[in-house]
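Scroll down for the structure; my scribbles are underneath it.
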Amino acid sequence: MSKKVSKLEEKQSILKTLEYNQDAMDYIQNKIYKLDNQYRAFPEDKEILTELNINKYILFSLDYLDKCYNDRLKFLGVFKV
C-alpha cells in the first residue's frame with residue numbers, strides 16, 4: 001500500500017533533498033579541483049585522469065538531479081530556492 005503524500009510534505013522532502021544534493025555537489029567540485037591540480041602536475045597518471053572523469057560525471061548527474069528537483073518544486077508552486 002502506498003501512502004498519499006501531501007504537497008507540503010513533498011515540498012519539504014524535496015527542499016531537504018536539495019540541501020543534501022548541494023552538499024554533495026560542493027564535495028565533488030572540491031574533489032574535481034584537487035584532482036585537476038594533481039593531473040596538471042602528473043599528466044601521465046591515467047588513474048588520476050580516470051578518477052577526475054568519474055567525478056565530473058558524478059557532478060553532471062548531481063546537477064541534472066538538482067534541475068529535476070527544482071522543476072518539481074516549480075510545479076508545486078515554489079519558485080525561489
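In the C-alpha cells, chains take letters A, B, ... by order of appearance, with residues numbered from 1 within each chain and ligands from 1 in the order shown.
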Leu59 (chain A) environment, 8 Å, only C-alpha atoms, sequence neighbours closer than 3 positions dropped, as a PyMOL selection string: chain A and resi 25+28-29+55-56+62-63
May I have the residues within 12 Å of Tyr20 (chain A) as a ChimeraX atom specification, using only C-alpha atoms and disregarding those fewer than 5 positions away in the same chain? /A:13-15,25-27,62,65-66,69
Write to file, as a PDB file, in the first residue's frame, the residues of the selection just made, with N, CA and C atoms.
```
ATOM      1  N   SER A  13      10.266  17.580   1.626  1.00  0.00           N
ATOM      2  CA  SER A  13      11.181  16.499   1.299  1.00  0.00           C
ATOM      3  C   SER A  13      12.139  16.905   0.182  1.00  0.00           C
ATOM      4  N   ILE A  14      11.615  17.550  -0.848  1.00  0.00           N
ATOM      5  CA  ILE A  14      12.460  17.992  -1.964  1.00  0.00           C
ATOM      6  C   ILE A  14      13.447  19.051  -1.502  1.00  0.00           C
ATOM      7  N   LEU A  15      12.997  19.986  -0.667  1.00  0.00           N
ATOM      8  CA  LEU A  15      13.909  21.025  -0.174  1.00  0.00           C
ATOM      9  C   LEU A  15      15.050  20.417   0.637  1.00  0.00           C
ATOM     10  N   MET A  25      27.319  18.173  -4.247  1.00  0.00           N
ATOM     11  CA  MET A  25      27.912  18.907  -5.375  1.00  0.00           C
ATOM     12  C   MET A  25      29.142  19.699  -4.924  1.00  0.00           C
ATOM     13  N   ASP A  26      29.049  20.333  -3.775  1.00  0.00           N
ATOM     14  CA  ASP A  26      30.202  21.071  -3.244  1.00  0.00           C
ATOM     15  C   ASP A  26      31.382  20.130  -3.001  1.00  0.00           C
ATOM     16  N   TYR A  27      31.097  18.970  -2.420  1.00  0.00           N
ATOM     17  CA  TYR A  27      32.139  17.982  -2.141  1.00  0.00           C
ATOM     18  C   TYR A  27      32.803  17.523  -3.444  1.00  0.00           C
ATOM     19  N   LEU A  62      24.592  14.958 -10.537  1.00  0.00           N
ATOM     20  CA  LEU A  62      24.022  15.724  -9.422  1.00  0.00           C
ATOM     21  C   LEU A  62      23.384  17.019  -9.910  1.00  0.00           C
ATOM     22  N   LEU A  65      20.043  16.116 -11.385  1.00  0.00           N
ATOM     23  CA  LEU A  65      19.076  15.883 -10.312  1.00  0.00           C
ATOM     24  C   LEU A  65      18.601  17.202  -9.708  1.00  0.00           C
ATOM     25  N   ASP A  66      19.529  18.126  -9.516  1.00  0.00           N
ATOM     26  CA  ASP A  66      19.191  19.441  -8.967  1.00  0.00           C
ATOM     27  C   ASP A  66      18.148  20.125  -9.839  1.00  0.00           C
ATOM     28  N   TYR A  69      14.748  18.342  -9.429  1.00  0.00           N
ATOM     29  CA  TYR A  69      14.113  18.708  -8.164  1.00  0.00           C
ATOM     30  C   TYR A  69      13.543  20.122  -8.232  1.00  0.00           C
TER      31      TYR A  69
END
```
When DSSP works through the backbone of this structure, what residues of chain A end up as alpha helix (DSSP H), shown as a count of residues only? 65
Of the listed residues A:Cys68, A:Lys11, A:Tyr39, A:Leu76, that which approaches Leu52 (chain A) most closely, counting only C-alpha atoms: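 For Leu52 (chain A), the nearest of the given residues is A:Tyr39.
For the atom pair formed by CA of Asn37 (chain A) and CA of Thr50 (chain A), the distance is 13.9 Å, given to one decimal.
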Give the answer as one residue: which of A:Asn53, A:Asn70, A:Gln38, A:Ser61 has the shortest atom-to-atom distance to Lys16 (chain A), using only C-alpha atoms? A:Asn70
Can you work out the spacing between CA of Phe79 (chain A) and CA of Gln12 (chain A) in Å, to one decimal? 13.8 Å
Using only C-alpha atoms: which of A:Ile48, A:Ala24, A:Leu73, A:Glu9 has the shortest distance to Phe60 (chain A):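 With only C-alpha atoms as the atom set, the closest residue is A:Ala24.
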So what do you get for CA of Gly77 (chain A) versus CA of Lys4 (chain A), distance-wise? 18.6 Å
